[in-house]
$ cat input-v1.tsv   # TSV, C-alpha atoms
chain	number	residue	atom	x	y	z
A	15	MET	CA	15.77	-11.28	8.87
A	16	ASN	CA	18.55	-9.80	6.75
A	17	ALA	CA	17.23	-6.78	4.89
A	18	PHE	CA	19.88	-6.71	2.19
A	19	PRO	CA	21.49	-9.36	-0.05
A	20	GLN	CA	24.76	-10.97	0.89
A	21	ARG	CA	27.76	-10.00	-1.25
A	22	GLY	CA	27.91	-13.33	-3.10
A	23	GLU	CA	24.29	-12.99	-4.19
A	24	GLU	CA	24.37	-9.39	-5.33
A	25	THR	CA	24.80	-10.04	-9.06
A	26	GLU	CA	21.88	-12.48	-9.25
A	27	ARG	CA	19.68	-10.31	-7.05
A	28	GLN	CA	20.49	-7.18	-9.03
A	29	ALA	CA	19.61	-8.90	-12.29
A	30	MET	CA	16.19	-9.64	-10.86
A	31	ALA	CA	15.79	-6.19	-9.31
A	32	ASP	CA	16.53	-4.57	-12.68
A	33	GLN	CA	13.24	-6.00	-13.95
A	34	PHE	CA	11.34	-3.87	-11.45
A	35	PRO	CA	10.77	-0.12	-11.62
A	36	SER	CA	12.34	2.08	-9.00
A	37	THR	CA	10.06	3.10	-6.14
A	38	ALA	CA	10.23	5.68	-3.37
A	39	THR	CA	8.52	3.49	-0.81
A	40	HIS	CA	10.18	1.55	1.99
A	41	GLY	CA	9.90	-1.90	0.41
A	42	LEU	CA	7.61	-4.81	-0.27
A	43	SER	CA	6.34	-7.26	2.28
A	44	SER	CA	7.78	-10.73	1.78
A	45	ALA	CA	4.31	-12.17	1.30
A	46	ARG	CA	3.42	-9.78	-1.48
A	47	THR	CA	6.76	-10.37	-3.16
A	48	ALA	CA	6.25	-14.14	-3.01
A	49	LEU	CA	2.82	-13.82	-4.60
A	50	LEU	CA	4.14	-11.66	-7.39
A	51	GLU	CA	7.12	-13.90	-8.02
A	52	GLU	CA	4.91	-17.00	-8.09
A	53	HIS	CA	2.70	-15.31	-10.66
A	54	LEU	CA	5.75	-14.23	-12.65
A	55	MET	CA	7.23	-17.72	-12.70
A	56	ARG	CA	3.93	-19.19	-13.93
A	57	GLU	CA	3.96	-16.72	-16.81
A	58	ILE	CA	7.60	-17.37	-17.68
A	59	THR	CA	7.26	-21.15	-17.69
A	60	ARG	CA	4.18	-21.32	-19.90
A	61	THR	CA	4.83	-23.25	-23.13
A	62	GLU	CA	5.68	-20.96	-26.07
A	63	ALA	CA	5.26	-17.90	-23.80
A	64	ALA	CA	7.69	-15.02	-23.89
A	65	PRO	CA	9.25	-13.84	-20.61
A	66	VAL	CA	7.01	-11.45	-18.72
A	67	ALA	CA	8.40	-8.74	-16.44
A	68	VAL	CA	5.88	-8.01	-13.68
A	69	ALA	CA	6.31	-4.82	-11.69
A	70	PRO	CA	5.65	-5.10	-7.95
A	71	ARG	CA	2.55	-3.65	-6.40
A	72	ARG	CA	3.38	-0.52	-4.51
A	73	PRO	CA	3.25	-1.46	-0.82
A	74	ARG	CA	1.53	0.28	2.02
A	75	TRP	CA	4.74	1.47	3.55
A	76	ARG	CA	3.91	0.75	7.18
A	77	LEU	CA	4.25	-2.97	6.43
A	78	VAL	CA	7.97	-2.63	5.91
A	79	ALA	CA	9.55	-6.08	5.93
A	80	ILE	CA	12.05	-5.72	3.06
A	81	PRO	CA	12.60	-9.00	1.18
A	82	VAL	CA	16.08	-9.99	0.13
A	83	ALA	CA	15.07	-10.57	-3.49
A	84	VAL	CA	14.08	-6.97	-4.14
A	85	ALA	CA	16.03	-5.07	-1.50
A	86	ALA	CA	17.94	-3.22	-4.20
A	87	VAL	CA	14.69	-1.64	-5.38
A	88	ALA	CA	13.98	0.18	-2.14
A	89	THR	CA	16.78	2.74	-2.14
A	90	ALA	CA	15.04	6.10	-2.49
A	91	VAL	CA	14.18	6.50	1.20
A	92	VAL	CA	17.14	6.30	3.57
A	93	LEU	CA	16.55	4.91	7.06
A	94	ASN	CA	19.16	5.34	9.77
A	95	VAL	CA	18.70	2.95	12.70
A	96	THR	CA	20.09	4.75	15.71
A	97	GLY	CA	19.38	2.10	18.30
A	98	SER	CA	16.91	1.54	21.10
A	99	THR	CA	15.75	4.57	23.05
A	100	THR	CA	12.67	3.06	24.70
A	101	PRO	CA	11.78	-0.40	25.95
A	102	ALA	CA	10.18	-2.59	23.31
A	103	ALA	CA	6.40	-2.52	23.39
A	104	PRO	CA	4.80	-5.81	24.41
A	105	SER	CA	3.78	-7.95	21.44
A	106	VAL	CA	0.20	-9.00	20.82
A	107	ALA	CA	-0.54	-12.67	20.22
A	108	LEU	CA	-2.51	-13.10	17.01
A	109	SER	CA	-3.51	-16.18	15.08
A	110	PRO	CA	-1.62	-16.20	11.77
A	111	VAL	CA	-4.60	-17.78	9.98
A	112	VAL	CA	-8.07	-16.23	9.83
A	113	LYS	CA	-11.34	-17.41	8.36
A	114	VAL	CA	-11.83	-16.43	4.73
A	115	LEU	CA	-15.17	-14.69	5.09
A	116	PRO	CA	-17.71	-14.40	2.27
A	117	ALA	CA	-17.48	-11.22	0.20
A	118	SER	CA	-20.15	-9.56	-1.91
A	119	ALA	CA	-20.35	-6.56	-4.22
A	120	GLN	CA	-23.84	-5.89	-2.87
A	121	GLY	CA	-23.88	-2.99	-0.42
A	122	THR	CA	-20.51	-1.57	-1.47
A	123	ALA	CA	-21.85	1.83	-2.53
A	124	GLU	CA	-24.03	2.05	0.60
A	125	LEU	CA	-21.11	1.31	2.94
A	126	MET	CA	-18.85	3.85	1.25
A	127	GLN	CA	-21.60	6.47	1.40
A	128	GLN	CA	-21.91	5.89	5.16
A	129	VAL	CA	-18.14	6.14	5.55
A	130	ALA	CA	-18.01	9.31	3.45
A	131	VAL	CA	-20.75	10.99	5.50
A	132	ALA	CA	-19.06	10.11	8.79
A	133	THR	CA	-15.67	11.24	7.49
A	134	GLY	CA	-16.95	14.45	5.94
A	135	GLU	CA	-18.58	15.50	9.20
A	136	SER	CA	-15.41	15.04	11.27
A	137	LYS	CA	-13.48	18.00	12.58
A	138	PRO	CA	-10.60	18.92	10.27
A	139	LEU	CA	-7.07	19.05	11.59
A	140	THR	CA	-4.61	21.66	10.42
A	141	ILE	CA	-0.85	21.37	10.38
A	142	ARG	CA	1.79	24.07	10.17
A	143	ALA	CA	4.99	23.70	8.20
A	144	ASP	CA	6.98	23.29	11.44
A	145	GLN	CA	4.77	20.48	12.81
A	146	TYR	CA	4.56	16.70	12.42
A	147	VAL	CA	1.86	14.19	11.55
A	148	TYR	CA	1.72	11.70	14.43
A	149	VAL	CA	0.19	8.24	14.02
A	150	LYS	CA	0.18	5.46	16.60
A	151	SER	CA	-0.84	2.01	15.45
A	152	GLU	CA	-0.56	-1.71	16.02
A	153	VAL	CA	1.02	-3.49	13.06
A	154	GLY	CA	2.11	-6.94	12.02
A	155	PHE	CA	3.78	-7.99	8.82
A	156	SER	CA	4.82	-11.27	7.31
A	157	ARG	CA	8.16	-12.59	6.17
A	158	GLN	CA	9.36	-15.72	4.47
A	159	ILE	CA	10.23	-18.49	6.92
A	160	HIS	CA	13.31	-19.50	4.94
A	161	GLU	CA	15.47	-16.47	4.18
A	162	ARG	CA	16.82	-15.96	0.67
A	163	THR	CA	13.99	-17.96	-0.85
A	164	MET	CA	11.72	-16.55	-3.54
A	165	ASP	CA	8.42	-18.34	-3.12
A	166	GLY	CA	8.48	-20.27	0.15
A	167	PRO	CA	6.07	-20.26	3.09
A	168	ILE	CA	5.49	-17.11	5.11
A	169	LYS	CA	4.80	-16.34	8.76
A	170	LEU	CA	3.27	-13.36	10.52
A	171	ASP	CA	5.47	-11.70	13.08
A	172	ALA	CA	3.95	-10.63	16.40
A	173	VAL	CA	1.72	-7.57	16.24
A	174	HIS	CA	3.46	-4.65	17.94
A	175	GLU	CA	3.20	-0.91	18.51
A	176	ARG	CA	4.39	1.56	15.89
A	177	GLN	CA	4.63	5.36	16.17
A	178	VAL	CA	5.57	7.77	13.42
A	179	TRP	CA	6.37	11.48	13.33
A	180	LEU	CA	6.30	12.72	9.72
A	181	PRO	CA	7.32	16.33	9.00
A	182	GLU	CA	5.11	18.68	7.03
A	183	ASN	CA	8.29	20.49	6.02
A	184	PRO	CA	10.05	17.96	3.75
A	185	THR	CA	13.50	19.31	4.57
A	186	ARG	CA	13.15	18.18	8.19
A	187	PRO	CA	13.82	14.66	9.49
A	188	GLY	CA	11.04	12.34	10.62
A	189	LEU	CA	10.97	9.38	12.96
A	190	ILE	CA	9.58	5.84	13.14
A	191	ARG	CA	9.56	4.25	16.61
A	192	GLU	CA	8.91	0.54	16.39
A	193	GLY	CA	10.00	-2.54	18.28
A	194	GLY	CA	12.10	-0.54	20.72
A	195	GLU	CA	14.14	1.07	17.96
A	196	ASP	CA	14.16	4.54	16.47
A	197	GLU	CA	14.52	4.80	12.70
A	198	ASN	CA	15.34	8.32	11.59
A	199	LEU	CA	13.88	9.50	8.31
A	200	GLY	CA	16.65	11.90	7.38
A	201	GLY	CA	15.82	15.20	5.73
A	202	GLY	CA	17.47	15.50	2.35
A	203	SER	CA	16.22	12.27	0.77
A	204	ALA	CA	13.71	12.33	-2.06
A	205	GLN	CA	10.19	13.39	-1.18
A	206	VAL	CA	7.44	11.13	-2.52
A	207	SER	CA	5.21	12.89	-5.03
A	208	ILE	CA	1.49	12.41	-4.44
A	209	ASP	CA	0.95	11.92	-8.18
A	210	GLY	CA	3.58	9.24	-8.50
A	211	GLY	CA	5.85	11.47	-10.58
A	212	ALA	CA	9.45	12.41	-10.05
A	213	PRO	CA	10.59	13.36	-6.52
A	214	THR	CA	10.10	17.01	-5.74
A	215	THR	CA	11.92	18.98	-3.06
A	216	PRO	CA	14.36	17.29	-0.66
A	217	GLY	CA	12.63	15.72	2.31
A	218	ALA	CA	11.91	12.72	4.46
A	219	GLY	CA	10.02	10.75	1.86
A	220	ASN	CA	6.50	11.22	3.23
A	221	THR	CA	3.50	12.71	1.49
A	222	THR	CA	2.62	16.03	3.10
A	223	TYR	CA	-0.77	17.34	4.25
A	224	ALA	CA	-0.59	20.07	1.62
A	225	GLN	CA	-0.17	17.50	-1.15
A	226	VAL	CA	-3.12	15.42	0.05
A	227	ALA	CA	-5.29	18.52	0.53
A	228	ALA	CA	-4.79	19.43	-3.14
A	229	LEU	CA	-6.48	16.23	-4.36
A	230	PRO	CA	-9.91	16.53	-6.06
A	231	THR	CA	-12.98	16.25	-3.84
A	232	ASP	CA	-15.21	14.99	-6.64
A	233	PRO	CA	-15.10	11.15	-6.46
A	234	ASP	CA	-15.24	10.61	-10.24
A	235	ALA	CA	-12.50	13.15	-10.90
A	236	LEU	CA	-10.43	11.68	-8.08
A	237	LEU	CA	-10.78	8.12	-9.35
A	238	LYS	CA	-9.66	9.27	-12.79
A	239	LYS	CA	-6.63	10.89	-11.18
A	240	ILE	CA	-5.88	7.75	-9.17
A	241	TYR	CA	-5.83	5.70	-12.36
A	242	THR	CA	-3.45	8.22	-13.89
A	243	ILE	CA	-1.21	8.15	-10.82
A	244	THR	CA	-1.03	4.35	-10.76
A	245	LYS	CA	-0.85	3.73	-14.50
A	246	GLY	CA	1.46	0.83	-15.32
A	247	ARG	CA	1.72	-0.56	-11.81
A	248	ALA	CA	1.31	-4.30	-11.34
A	249	PRO	CA	-0.64	-6.45	-10.97
A	250	GLY	CA	-3.34	-4.43	-12.71
A	251	ARG	CA	-5.21	-1.17	-13.05
A	252	ASP	CA	-7.87	-1.71	-10.38
A	253	ALA	CA	-5.61	-3.49	-7.88
A	254	ALA	CA	-3.09	-0.65	-8.09
A	255	ALA	CA	-5.83	1.93	-7.56
A	256	PHE	CA	-7.11	0.05	-4.51
A	257	ASP	CA	-3.58	-0.13	-3.09
A	258	TRP	CA	-3.18	3.62	-3.58
A	259	VAL	CA	-6.12	4.23	-1.25
A	260	GLY	CA	-4.42	2.34	1.58
A	261	GLU	CA	-1.10	4.05	0.92
A	262	THR	CA	-2.69	7.49	1.06
A	263	ILE	CA	-4.92	6.95	4.11
A	264	GLY	CA	-2.53	4.90	6.24
A	265	GLU	CA	-0.09	7.26	7.95
A	266	THR	CA	-1.19	10.73	6.93
A	267	ILE	CA	-3.73	13.31	7.97
A	268	VAL	CA	-6.32	13.78	5.25
A	269	PRO	CA	-8.81	16.71	5.14
A	270	PRO	CA	-12.35	15.34	5.75
A	271	LYS	CA	-13.72	16.30	2.33
A	272	VAL	CA	-10.76	14.74	0.56
A	273	GLU	CA	-10.96	11.56	2.64
A	274	ALA	CA	-14.69	11.30	1.93
A	275	ALA	CA	-13.94	11.57	-1.79
A	276	ILE	CA	-11.21	8.92	-1.52
A	277	TRP	CA	-13.61	6.39	0.00
A	278	LEU	CA	-16.37	7.18	-2.49
A	279	ALA	CA	-13.83	6.76	-5.30
A	280	ALA	CA	-12.65	3.46	-3.79
A	281	GLY	CA	-16.23	2.20	-3.85
A	282	LYS	CA	-16.31	2.76	-7.61
A	283	ILE	CA	-13.28	0.56	-8.36
A	284	PRO	CA	-14.46	-2.53	-10.30
A	285	GLY	CA	-14.09	-5.69	-8.24
A	286	VAL	CA	-14.42	-4.15	-4.77
A	287	GLU	CA	-16.61	-6.06	-2.32
A	288	VAL	CA	-17.91	-5.84	1.24
A	289	VAL	CA	-16.80	-8.23	3.98
A	290	HIS	CA	-18.63	-8.22	7.29
A	291	ASN	CA	-17.09	-8.93	10.69
A	292	ALA	CA	-13.51	-8.24	9.63
A	293	VAL	CA	-11.03	-7.79	12.50
A	294	ASP	CA	-8.14	-5.33	12.76
A	295	ALA	CA	-4.84	-5.72	14.62
A	296	ALA	CA	-6.39	-4.42	17.86
A	297	GLY	CA	-9.17	-7.02	17.76
A	298	ARG	CA	-11.85	-4.54	16.73
A	299	HIS	CA	-14.61	-5.87	14.47
A	300	GLY	CA	-16.13	-3.97	11.58
A	301	ASP	CA	-17.32	-3.94	7.99
A	302	ALA	CA	-14.63	-3.84	5.32
A	303	LEU	CA	-14.14	-2.75	1.75
A	304	ALA	CA	-12.17	-5.57	0.11
A	305	PHE	CA	-10.34	-6.36	-3.11
A	306	GLU	CA	-8.74	-9.61	-4.28
A	307	SER	CA	-5.67	-9.88	-6.48
A	308	LEU	CA	-3.02	-12.59	-6.98
A	309	ASN	CA	-4.59	-14.85	-4.35
A	310	GLU	CA	-4.52	-12.07	-1.74
A	311	ARG	CA	-7.47	-10.19	-0.28
A	312	THR	CA	-6.92	-6.74	1.20
A	313	GLU	CA	-9.53	-5.23	3.52
A	314	TYR	CA	-10.00	-1.65	4.73
A	315	ILE	CA	-11.98	-2.00	7.97
A	316	PHE	CA	-14.54	0.47	9.40
A	317	ASP	CA	-16.36	0.63	12.72
A	318	LYS	CA	-19.86	-0.82	12.34
A	319	THR	CA	-21.49	2.07	14.24
A	320	THR	CA	-19.41	5.20	13.58
A	321	HIS	CA	-18.10	4.06	10.16
A	322	THR	CA	-14.67	5.49	10.99
A	323	TYR	CA	-11.56	3.83	9.57
A	324	LEU	CA	-10.03	1.28	11.97
A	325	GLY	CA	-7.23	-0.41	10.07
A	326	GLU	CA	-6.34	-2.91	7.41
A	327	ARG	CA	-5.59	-6.59	6.93
A	328	SER	CA	-4.49	-8.78	4.04
A	329	TYR	CA	-4.52	-12.56	3.74
A	330	LEU	CA	-4.36	-15.41	1.25
A	331	VAL	CA	-7.69	-16.59	-0.13
A	332	LYS	CA	-6.46	-19.98	-1.42
A	333	ASP	CA	-3.75	-22.45	-0.46
A	334	SER	CA	-0.43	-21.71	-2.18
A	335	LYS	CA	3.31	-22.06	-1.68
A	336	ALA	CA	3.16	-19.02	0.60
A	337	GLY	CA	0.68	-20.64	2.99
A	338	LYS	CA	-2.84	-21.83	3.61
A	339	ALA	CA	-6.02	-19.97	2.80
A	340	GLY	CA	-6.53	-17.34	5.49
A	341	GLN	CA	-2.80	-16.89	6.16
A	342	LEU	CA	-2.34	-13.28	7.18
A	343	THR	CA	0.12	-11.30	5.07
A	344	GLY	CA	-0.30	-8.03	6.97
A	345	ILE	CA	-2.50	-6.35	9.55
A	346	SER	CA	-2.80	-2.95	11.23
A	347	ALA	CA	-4.97	-0.88	13.56
A	348	VAL	CA	-4.82	2.92	13.83
A	349	LEU	CA	-5.03	3.89	17.51
A	350	ASP	CA	-4.23	7.60	17.48
A	351	ARG	CA	-3.68	10.27	14.87
A	352	GLY	CA	-2.89	13.94	15.37
A	353	VAL	CA	-0.46	16.84	15.03
A	354	ALA	CA	2.68	17.09	17.18
A	355	ASP	CA	4.96	20.09	17.62
A	356	LYS	CA	8.14	18.04	17.99
A	357	ILE	CA	9.51	14.57	17.32
A	358	GLY	CA	8.91	12.35	20.34
A	359	GLN	CA	6.02	14.52	21.50
A	360	LEU	CA	2.35	13.51	21.59
A	361	PRO	CA	-0.31	15.65	19.88
A	362	SER	CA	-1.43	16.92	23.29
A	363	GLY	CA	2.09	18.14	23.99
A	364	GLY	CA	2.95	15.32	26.38
A	365	LYS	CA	6.02	13.14	26.09
A	366	VAL	CA	5.89	9.54	24.91
$ encode --input "input-v1.tsv" --output "structure tokens"
Amino acid sequence: MNAFPQRGEETERQAMADQFPSTATHGLSSARTALLEEHLMREITRTEAAPVAVAPRRPRWRLVAIPVAVAAVATAVVLNVTGSTTPAAPSVALSPVVKVLPASAQGTAELMQQVAVATGESKPLTIRADQYVYVKSEVGFSRQIHERTMDGPIKLDAVHERQVWLPENPTRPGLIREGGEDENLGGGSAQVSIDGGAPTTPGAGNTTYAQVAALPTDPDALLKKIYTITKGRAPGRDAAAFDWVGETIGETIVPPKVEAAIWLAAGKIPGVEVVHNAVDAAGRHGDALAFESLNERTEYIFDKTTHTYLGERSYLVKDSKAGKAGQLTGISAVLDRGVADKIGQLPSGGKV
């Protein structure tokens, strides 16, 4: 799909984009944008109601389909598509509609305690300033079927392989390899601040290991900080905090004690529930921590035995203009995570 508005539409699109705060992430998924816009239009068209400007939820940046309607928002991180350097990875067939499983708040604290114990006992990884965080995953994201529409039906693109090399030194370039194309994250763009504040030193836009390692390891203190970081983000305080967890865990390396605290803090967010037998993009089944907002449920999935993080999926919970209940809006599976010495190199030192 076209990632940016056509020239004739720029004025109208910009007027809409001006209602949204600037963000240093790669962009919103079309599905999430449609849900937010549908909610916004309901608020605007209420009798005697004043116009309501709803800020978009900050996306988990690995689901990077950039919708036309808000493309002007996602300008802080510059991507340079240099062309195909490797054959495209084979796509994975995946049903676009899943069963909306029952969710319950019962057992939430117990599951997060099990996850925290397993995470806290894992071997920590260290990363030097000249190295790169490497993450290999399977991802799928949704887009609107009819381009240049605001609230139409969505479809899930084929699940495919994604590899990232993110520099610990923010002045160095990074790399995303996805769908047979290399997207360079050029050094010199604004680095994302872990606390959601103003950009810090020049860099590739990723959160560094050092920033994540500085987070509190006390779950209550961390949750308080998360609320401070996400203050003012739509669609609400708890939904924004839950999103932050996925953003922070997704494509980074997190020290075990910090990651344990993140999951314990996530379990304290009001409205979180447990879903059993959730499935990630690689077909692995597990128990999930879930949260529902704006007709969308997001699940963070863990292995039933080891309680390690597997991946994430989001889907509609009720029929809407975007699709039927169970329509996937995004899905992922983390397959490998480590430290590489160079771009294009595996953590073991081998070549991709």
$ residues_around --input "input-v1.tsv" --residues "range 302-305 of chain A" --least-positions-apart "3" --cutoff "7 Å" --atoms "only C-alpha atoms" --output "list of chain:residue names"
A:Gly285, A:Val286, A:Glu287, A:Val288, A:Val289, A:His290, A:Ala292, A:Arg311, A:Thr312, A:Glu313, A:Tyr314, A:Ile315, A:Phe316
$ residues_around --input "input-v1.tsv" --residues "range 339-341 of chain A" --least-positions-apart "5" --cutoff "8 Å" --atoms "all atoms listed in the file" --output "PyMOL selection string"
chain A and resi 110-114+329-334
$ atom_distance --input "input-v1.tsv" --atom1 "CA of Ile141 in chain A" --atom2 "CA of Arg351 in chain A"
12.3 Å
$ residues_around --input "input-v1.tsv" --residues "Gly188 in chain A" --least-positions-apart "3" --cutoff "7 Å" --atoms "all atoms listed in the file" --output "PyMOL selection string"
chain A and resi 179-181+198-200+218
$ residues_around --input "input-v1.tsv" --residues "Pro230 in chain A" --least-positions-apart "6" --cutoff "9 Å" --atoms "all atoms listed in the file" --output "list of chain:residue names"
A:Leu236, A:Lys239, A:Val272, A:Ala275, A:Ile276
$ residues_near_point --input "input-v1.tsv" --point "(-6.5, 14.0, 9.2)" --cutoff "12 Å" --atoms "all atoms listed in the file" --output "VMD selection string"
chain A and resid 133 to 134 136 to 141 146 to 149 222 to 224 226 to 227 262 to 274 322 to 323 350 to 353
$ residues_around --input "input-v1.tsv" --residues "Trp277 in chain A" --least-positions-apart "2" --cutoff "8 Å" --atoms "all atoms listed in the file" --output "PDB file with C-alpha atoms, in the frame of the given file"
ATOM      1  CA  MET A 126     -18.850   3.850   1.250  1.00  0.00           C
ATOM      2  CA  VAL A 129     -18.140   6.140   5.550  1.00  0.00           C
ATOM      3  CA  ALA A 130     -18.010   9.310   3.450  1.00  0.00           C
ATOM      4  CA  VAL A 259      -6.120   4.230  -1.250  1.00  0.00           C
ATOM      5  CA  GLU A 273     -10.960  11.560   2.640  1.00  0.00           C
ATOM      6  CA  ALA A 274     -14.690  11.300   1.930  1.00  0.00           C
ATOM      7  CA  ALA A 275     -13.940  11.570  -1.790  1.00  0.00           C
ATOM      8  CA  ALA A 279     -13.830   6.760  -5.300  1.00  0.00           C
ATOM      9  CA  ALA A 280     -12.650   3.460  -3.790  1.00  0.00           C
ATOM     10  CA  GLY A 281     -16.230   2.200  -3.850  1.00  0.00           C
TER      11      GLY A 281
END
$ residues_near_point --input "input-v1.tsv" --point "(8.5, 4.4, 15.1)" --cutoff "7 Å" --atoms "all atoms listed in the file" --output "mmCIF file with C-alpha atoms, in the coordinates of the input"
data_model
loop_
_atom_site.group_PDB
_atom_site.id
_atom_site.type_symbol
_atom_site.label_atom_id
_atom_site.label_comp_id
_atom_site.auth_asym_id
_atom_site.auth_seq_id
_atom_site.Cartn_x
_atom_site.Cartn_y
_atom_site.Cartn_z
ATOM 1 C CA ARG A 176 4.390 1.560 15.890
ATOM 2 C CA GLN A 177 4.630 5.360 16.170
ATOM 3 C CA VAL A 178 5.570 7.770 13.420
ATOM 4 C CA LEU A 189 10.970 9.380 12.960
ATOM 5 C CA ILE A 190 9.580 5.840 13.140
ATOM 6 C CA ARG A 191 9.560 4.250 16.610
ATOM 7 C CA GLU A 192 8.910 0.540 16.390
ATOM 8 C CA ASP A 196 14.160 4.540 16.470
ATOM 9 C CA GLU A 197 14.520 4.800 12.700
#
$ atom_distance --input "input-v1.tsv" --atom1 "CA of Glu326 in chain A" --atom2 "CA of Arg186 in chain A"
28.7 Å
$ atom_distance --input "input-v1.tsv" --atom1 "CA of Val131 in chain A" --atom2 "CA of Thr244 in chain A"
26.4 Å
